[in-house]
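Novice: Encoded as structure tokens, here's the structure I'll be asking about.
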Amino acid sequence: MRRILLSTIKILISAALLYLALRKANFADLASRIDIASLGWIGLAIAVSFLQIFVGVLRWCEVSAECGAPLATKQAMRFNVIGTFFNQTLPSSIGGDAVRLWLVARAGAGWRAATYSIFVDRAIGLIALAIIIVASLPWSYNLIGDPNGRSALVFVDFAALAGGIGFLILGRLRWPWLKRWWGTHHLHACAVIANRVIFSRERGPKIAVLSVLVHVLAVVIAWCVVQSIGAPVTFGQTFQLIPPVMLITMLPISIAGWGVREATMGLAFGYAGLMTNEGINVSLLFGAVSFIVGAFGGLVWIFSAEKAAQGSASIKVPVEVPE
């Protein structure tokens with residue numbers, strides 16, 4: 001009943017936010033701006049989305065190896081693509097993570113190693129996104145003229161950054177009770193792994209580059225969408241506006257970020273002195289690109305060995321998990 005209630009709440013949140021955002025949308029205008037050239041830009045956005053998934057796979061492989069659940073690149077790519085499908089179909093923006101966790105665990109790594117690999121990978125991505133937003137604050141602060149928009153931007157970003165730093169500090173603490181108490185045991189273990197990955201001379205630089213590239217590619221996808229409808233938005237403006245929107249969209253309070261993304265992007269464009277309607281248009285097409293990529297993931301899932309075997313096929317992943 002609790003899961004049904006949570007799913008219902010997320011559906012209602014998505015519906016409410018979509019209604020509030022789409023009241024300002026002009027679908028006739030949006031449709032009139034889509035032509036053959038637009039389809040080319042959308043196709044490029046889809047291609048960049050797959051590149052982004054692959055870059056994320058490379059980072060996940062590094063993290064999962066440190067968690068004691070090493071994955072082959074091809075295997076991890078298949079799991080990530082399948083995850084994009086469930087991101088679009090499950091009542092959450094992180095539904096794909098739950099499915100990836102299930103796939104890795106049922107493949108032989110065990111639930112703990114699988115959970116650690118997903119959680120640490122997500123945490124590193126969140127920290128990288130917060131750092132990117134902080135680094136671009138001098139420009140985005142000037143772009144956003146509205147005082148409320150500036151305050152919201154600074155609050156959300158520094159809250160995320162503080163959470164990330166606190167998570168890493170937790171991994172540096174050596175208090176025995178952190179490892180014994182059920183409320184902190186697994187969180188502390190993940191924090192230790194995150195520190196080991198980020199500050200490793202071998203893996204650290206690679207993780208940093210891949211993490212930044214994942215988020216830069218998200219901006220490129222949005223830029224392709226902007227170009228597809230000829231919206232009067234520069235690449236620099238896109239780079240300053242999209243990362244904060246992606247940060248807020250990570251909140252698991254809606255279905256695949258729908259509603260939250262549209263409302264947030266409309267507000268962000270409005271605060272930046274751009275047309276709110278353009279932000280909604282870009283968000284809708286960005287979501288459409290994600291949906292199409294997710295559809296490919298659905299095909300991979302339908303024909304996957306994991307679905308046919310109900311996850312019982314062994315993929316020879318060791319079960320050792322670092323303490």
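Note on naming: chains are A, B, ... as they come in the structure tokens, residues start from 1 per chain, ligands start from 1 in the order shown.
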Excluding stretch 29-43 of chain A and any residue of its chain fewer than 3 positions from it, enumerate the residues within 12 Å of it, using only C-alpha atoms, and give them as a VMD selection string.

Specialist: chain A and resid 24 to 26 46 to 50 220 to 231 277 to 290 292 to 293

Novice: Since we have the selection now, will you write its residues out, keeping N, CA and C atoms, as a compact mmCIF listing (two decimals), in the first residue's frame?

Specialist:
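Contents of part.txt, as written:
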```
# COMPACT_ATOMS: atom_id res chain seq x y z
N LYS A 24 1.32 27.48 -20.34
CA LYS A 24 2.02 28.54 -21.07
C LYS A 24 2.60 28.05 -22.40
N ALA A 25 2.39 26.77 -22.70
CA ALA A 25 2.96 26.21 -23.93
C ALA A 25 2.06 26.51 -25.12
N ASN A 26 2.68 26.75 -26.25
CA ASN A 26 1.96 26.99 -27.50
C ASN A 26 2.32 25.85 -28.45
N ILE A 46 19.71 12.41 -30.09
CA ILE A 46 19.59 11.00 -29.71
C ILE A 46 20.96 10.32 -29.74
N ALA A 47 21.75 10.62 -30.78
CA ALA A 47 23.09 10.04 -30.89
C ALA A 47 23.96 10.48 -29.72
N VAL A 48 23.89 11.76 -29.36
CA VAL A 48 24.67 12.26 -28.23
C VAL A 48 24.20 11.62 -26.93
N SER A 49 22.91 11.32 -26.84
CA SER A 49 22.37 10.66 -25.65
C SER A 49 23.00 9.28 -25.46
N PHE A 50 23.15 8.55 -26.56
CA PHE A 50 23.81 7.24 -26.46
C PHE A 50 25.29 7.39 -26.10
N VAL A 220 24.91 19.52 -24.32
CA VAL A 220 24.94 19.40 -25.78
C VAL A 220 23.62 18.86 -26.30
N ILE A 221 23.04 17.89 -25.59
CA ILE A 221 21.73 17.36 -25.99
C ILE A 221 20.69 18.48 -25.99
N ALA A 222 20.69 19.27 -24.92
CA ALA A 222 19.75 20.40 -24.83
C ALA A 222 20.01 21.41 -25.94
N TRP A 223 21.28 21.65 -26.27
CA TRP A 223 21.64 22.59 -27.33
C TRP A 223 21.12 22.11 -28.68
N CYS A 224 21.22 20.81 -28.92
CA CYS A 224 20.67 20.24 -30.16
C CYS A 224 19.17 20.47 -30.23
N VAL A 225 18.50 20.32 -29.09
CA VAL A 225 17.05 20.55 -29.03
C VAL A 225 16.75 22.02 -29.30
N VAL A 226 17.54 22.91 -28.71
CA VAL A 226 17.38 24.36 -28.94
C VAL A 226 17.51 24.67 -30.43
N GLN A 227 18.50 24.07 -31.07
CA GLN A 227 18.73 24.30 -32.50
C GLN A 227 17.59 23.74 -33.35
N SER A 228 16.98 22.66 -32.88
CA SER A 228 15.95 22.01 -33.68
C SER A 228 14.72 22.90 -33.86
N ILE A 229 14.47 23.80 -32.92
CA ILE A 229 13.31 24.69 -33.04
C ILE A 229 13.73 26.15 -33.22
N GLY A 230 15.04 26.36 -33.38
CA GLY A 230 15.53 27.72 -33.63
C GLY A 230 15.25 28.67 -32.48
N ALA A 231 15.30 28.17 -31.24
CA ALA A 231 15.06 29.02 -30.08
C ALA A 231 16.20 30.02 -29.93
N ASN A 277 8.08 30.26 -22.42
CA ASN A 277 7.55 29.28 -23.35
C ASN A 277 8.65 28.50 -24.05
N GLU A 278 9.79 29.18 -24.34
CA GLU A 278 10.90 28.48 -24.99
C GLU A 278 11.50 27.43 -24.06
N GLY A 279 11.57 27.76 -22.77
CA GLY A 279 12.08 26.79 -21.82
C GLY A 279 11.22 25.55 -21.77
N ILE A 280 9.91 25.73 -21.82
CA ILE A 280 8.98 24.59 -21.80
C ILE A 280 9.13 23.78 -23.09
N ASN A 281 9.26 24.47 -24.23
CA ASN A 281 9.45 23.76 -25.50
C ASN A 281 10.71 22.91 -25.48
N VAL A 282 11.80 23.51 -25.01
CA VAL A 282 13.08 22.78 -24.94
C VAL A 282 12.94 21.59 -24.01
N SER A 283 12.27 21.78 -22.89
CA SER A 283 12.10 20.70 -21.93
C SER A 283 11.28 19.55 -22.51
N LEU A 284 10.20 19.88 -23.21
CA LEU A 284 9.36 18.84 -23.80
C LEU A 284 10.13 18.02 -24.83
N LEU A 285 10.89 18.70 -25.68
CA LEU A 285 11.67 17.98 -26.69
C LEU A 285 12.82 17.21 -26.06
N PHE A 286 13.41 17.76 -25.00
CA PHE A 286 14.46 17.04 -24.26
C PHE A 286 13.87 15.75 -23.69
N GLY A 287 12.67 15.85 -23.12
CA GLY A 287 12.00 14.66 -22.61
C GLY A 287 11.65 13.67 -23.71
N ALA A 288 11.29 14.20 -24.89
CA ALA A 288 10.97 13.32 -26.02
C ALA A 288 12.19 12.54 -26.47
N VAL A 289 13.35 13.21 -26.47
CA VAL A 289 14.61 12.52 -26.82
C VAL A 289 14.88 11.40 -25.82
N SER A 290 14.71 11.70 -24.53
CA SER A 290 14.92 10.68 -23.49
C SER A 290 13.95 9.51 -23.67
N ILE A 292 12.59 8.47 -26.51
CA ILE A 292 12.99 7.67 -27.68
C ILE A 292 14.16 6.77 -27.33
N VAL A 293 15.15 7.33 -26.61
CA VAL A 293 16.29 6.52 -26.18
C VAL A 293 15.81 5.40 -25.26
```

Novice: Can you list every residue in stretch 269-310 of chain A that DSSP puts in helix (DSSP H, G or I), as a PyMOL selection string?

Specialist: chain A and resi 269-271+276-302+305-308

Novice: Include N, CA, C and O atoms and write out the residues we just selected as a short mmCIF file (atom, residue, chain, number, x, y, z; two decimals), in the first residue's frame.

Specialist:
```cif
data_model
loop_
_atom_site.label_atom_id
_atom_site.label_comp_id
_atom_site.auth_asym_id
_atom_site.auth_seq_id
_atom_site.Cartn_x
_atom_site.Cartn_y
_atom_site.Cartn_z
N PHE A 269 14.32 29.76 -17.54
CA PHE A 269 14.37 30.63 -18.72
C PHE A 269 13.75 31.99 -18.40
O PHE A 269 14.24 33.03 -18.85
N GLY A 270 12.66 31.99 -17.64
CA GLY A 270 12.03 33.24 -17.27
C GLY A 270 12.92 34.10 -16.40
O GLY A 270 13.04 35.32 -16.61
N TYR A 271 13.58 33.47 -15.42
CA TYR A 271 14.48 34.21 -14.54
C TYR A 271 15.68 34.78 -15.31
O TYR A 271 16.23 35.82 -14.93
N THR A 276 9.69 32.18 -21.26
CA THR A 276 9.32 31.00 -20.48
C THR A 276 8.82 29.89 -21.40
O THR A 276 9.13 28.70 -21.19
N ASN A 277 8.08 30.26 -22.42
CA ASN A 277 7.55 29.28 -23.35
C ASN A 277 8.65 28.50 -24.05
O ASN A 277 8.51 27.30 -24.32
N GLU A 278 9.79 29.18 -24.34
CA GLU A 278 10.90 28.48 -24.99
C GLU A 278 11.50 27.43 -24.06
O GLU A 278 11.90 26.35 -24.49
N GLY A 279 11.57 27.76 -22.77
CA GLY A 279 12.08 26.79 -21.82
C GLY A 279 11.22 25.55 -21.77
O GLY A 279 11.73 24.42 -21.71
N ILE A 280 9.91 25.73 -21.82
CA ILE A 280 8.98 24.59 -21.80
C ILE A 280 9.13 23.78 -23.09
O ILE A 280 9.14 22.55 -23.06
N ASN A 281 9.26 24.47 -24.23
CA ASN A 281 9.45 23.76 -25.50
C ASN A 281 10.71 22.91 -25.48
O ASN A 281 10.71 21.74 -25.89
N VAL A 282 11.80 23.51 -25.01
CA VAL A 282 13.08 22.78 -24.94
C VAL A 282 12.94 21.59 -24.01
O VAL A 282 13.42 20.49 -24.31
N SER A 283 12.27 21.78 -22.89
CA SER A 283 12.10 20.70 -21.93
C SER A 283 11.28 19.55 -22.51
O SER A 283 11.61 18.37 -22.31
N LEU A 284 10.20 19.88 -23.21
CA LEU A 284 9.36 18.84 -23.80
C LEU A 284 10.13 18.02 -24.83
O LEU A 284 10.04 16.78 -24.86
N LEU A 285 10.89 18.70 -25.68
CA LEU A 285 11.67 17.98 -26.69
C LEU A 285 12.82 17.21 -26.06
O LEU A 285 13.17 16.11 -26.52
N PHE A 286 13.41 17.76 -25.00
CA PHE A 286 14.46 17.04 -24.26
C PHE A 286 13.87 15.75 -23.69
O PHE A 286 14.48 14.68 -23.76
N GLY A 287 12.67 15.85 -23.12
CA GLY A 287 12.00 14.66 -22.61
C GLY A 287 11.65 13.67 -23.71
O GLY A 287 11.73 12.46 -23.51
N ALA A 288 11.29 14.20 -24.89
CA ALA A 288 10.97 13.32 -26.02
C ALA A 288 12.19 12.54 -26.47
O ALA A 288 12.10 11.35 -26.79
N VAL A 289 13.35 13.21 -26.47
CA VAL A 289 14.61 12.52 -26.82
C VAL A 289 14.88 11.40 -25.82
O VAL A 289 15.24 10.28 -26.21
N SER A 290 14.71 11.70 -24.53
CA SER A 290 14.92 10.68 -23.49
C SER A 290 13.95 9.51 -23.67
O SER A 290 14.31 8.35 -23.48
N PHE A 291 12.72 9.83 -24.06
CA PHE A 291 11.71 8.79 -24.26
C PHE A 291 12.09 7.88 -25.42
O PHE A 291 11.95 6.65 -25.34
N ILE A 292 12.59 8.47 -26.51
CA ILE A 292 12.99 7.67 -27.68
C ILE A 292 14.16 6.77 -27.33
O ILE A 292 14.19 5.58 -27.68
N VAL A 293 15.15 7.33 -26.61
CA VAL A 293 16.29 6.52 -26.18
C VAL A 293 15.81 5.40 -25.26
O VAL A 293 16.28 4.26 -25.35
N GLY A 294 14.86 5.72 -24.38
CA GLY A 294 14.30 4.70 -23.51
C GLY A 294 13.59 3.61 -24.27
O GLY A 294 13.61 2.44 -23.87
N ALA A 295 12.96 3.98 -25.40
CA ALA A 295 12.28 2.97 -26.23
C ALA A 295 13.29 1.97 -26.79
O ALA A 295 13.01 0.76 -26.84
N PHE A 296 14.47 2.48 -27.20
CA PHE A 296 15.53 1.56 -27.63
C PHE A 296 15.93 0.63 -26.49
O PHE A 296 16.16 -0.56 -26.68
N GLY A 297 16.01 1.21 -25.29
CA GLY A 297 16.32 0.39 -24.12
C GLY A 297 15.28 -0.67 -23.88
O GLY A 297 15.60 -1.79 -23.45
N GLY A 298 14.01 -0.35 -24.17
CA GLY A 298 12.95 -1.34 -24.02
C GLY A 298 13.14 -2.52 -24.97
O GLY A 298 12.91 -3.67 -24.59
N LEU A 299 13.57 -2.23 -26.19
CA LEU A 299 13.83 -3.31 -27.15
C LEU A 299 14.99 -4.18 -26.68
O LEU A 299 14.94 -5.42 -26.81
N VAL A 300 16.03 -3.53 -26.13
CA VAL A 300 17.17 -4.31 -25.61
C VAL A 300 16.70 -5.20 -24.47
O VAL A 300 17.10 -6.37 -24.37
N TRP A 301 15.82 -4.69 -23.61
CA TRP A 301 15.30 -5.48 -22.49
C TRP A 301 14.46 -6.66 -22.98
O TRP A 301 14.60 -7.77 -22.49
N ILE A 302 13.60 -6.41 -23.96
CA ILE A 302 12.73 -7.47 -24.48
C ILE A 302 13.53 -8.64 -25.02
O ILE A 302 13.18 -9.81 -24.80
N ALA A 305 19.00 -11.56 -22.61
CA ALA A 305 19.07 -12.87 -21.96
C ALA A 305 18.57 -12.79 -20.54
O ALA A 305 18.01 -13.75 -20.00
N GLU A 306 18.77 -11.63 -19.89
CA GLU A 306 18.33 -11.47 -18.50
C GLU A 306 16.82 -11.61 -18.37
O GLU A 306 16.33 -12.24 -17.44
N LYS A 307 16.07 -11.03 -19.31
CA LYS A 307 14.62 -11.13 -19.25
C LYS A 307 14.18 -12.57 -19.53
O LYS A 307 13.31 -13.11 -18.86
N ALA A 308 14.82 -13.19 -20.54
CA ALA A 308 14.45 -14.56 -20.89
C ALA A 308 14.72 -15.53 -19.75
O ALA A 308 13.94 -16.45 -19.49
#
```

Novice: Hey, which of A:Gly183, A:Gly68, A:Pro138, A:Gly163 ends up closest to A:Thr115? Count only C-alpha atoms.

Specialist: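 Checking each candidate against A:Thr115, we get A:Gly68 as the closest.
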
Novice: I need the residue nearest A:Val134 from this list: A:Cys190, A:Ala107, A:Ala162, A:Met275. Use only C-alpha atoms for the distance.

Specialist: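 Between A:Cys190, A:Ala107, A:Ala162, A:Met275, the residue approaching A:Val134 most closely is A:Ala162.
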
Novice: If you count only C-alpha atoms, which residues fall within 12 Å of stretch 149-152 of chain A, apart from same-chain ones fewer than 4 positions away, as a PyMOL selection string?

Specialist: chain A and resi 137-145+156-159+241+244-245+248+264-273

Novice: With a distance cut-off of 8 Å and only C-alpha atoms, select the neighbouring residues of A:Leu126, excluding the residue or stretch itself and same-chain residues fewer than 5 positions from it, and output the selection as a ChimeraX atom specification.

Specialist: /A:160,164,247

Novice: Atom CA of A:Arg112 and atom CA of A:Met246, how far apart in Å?

Specialist: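 Those two atoms sit 27.8 Å apart.
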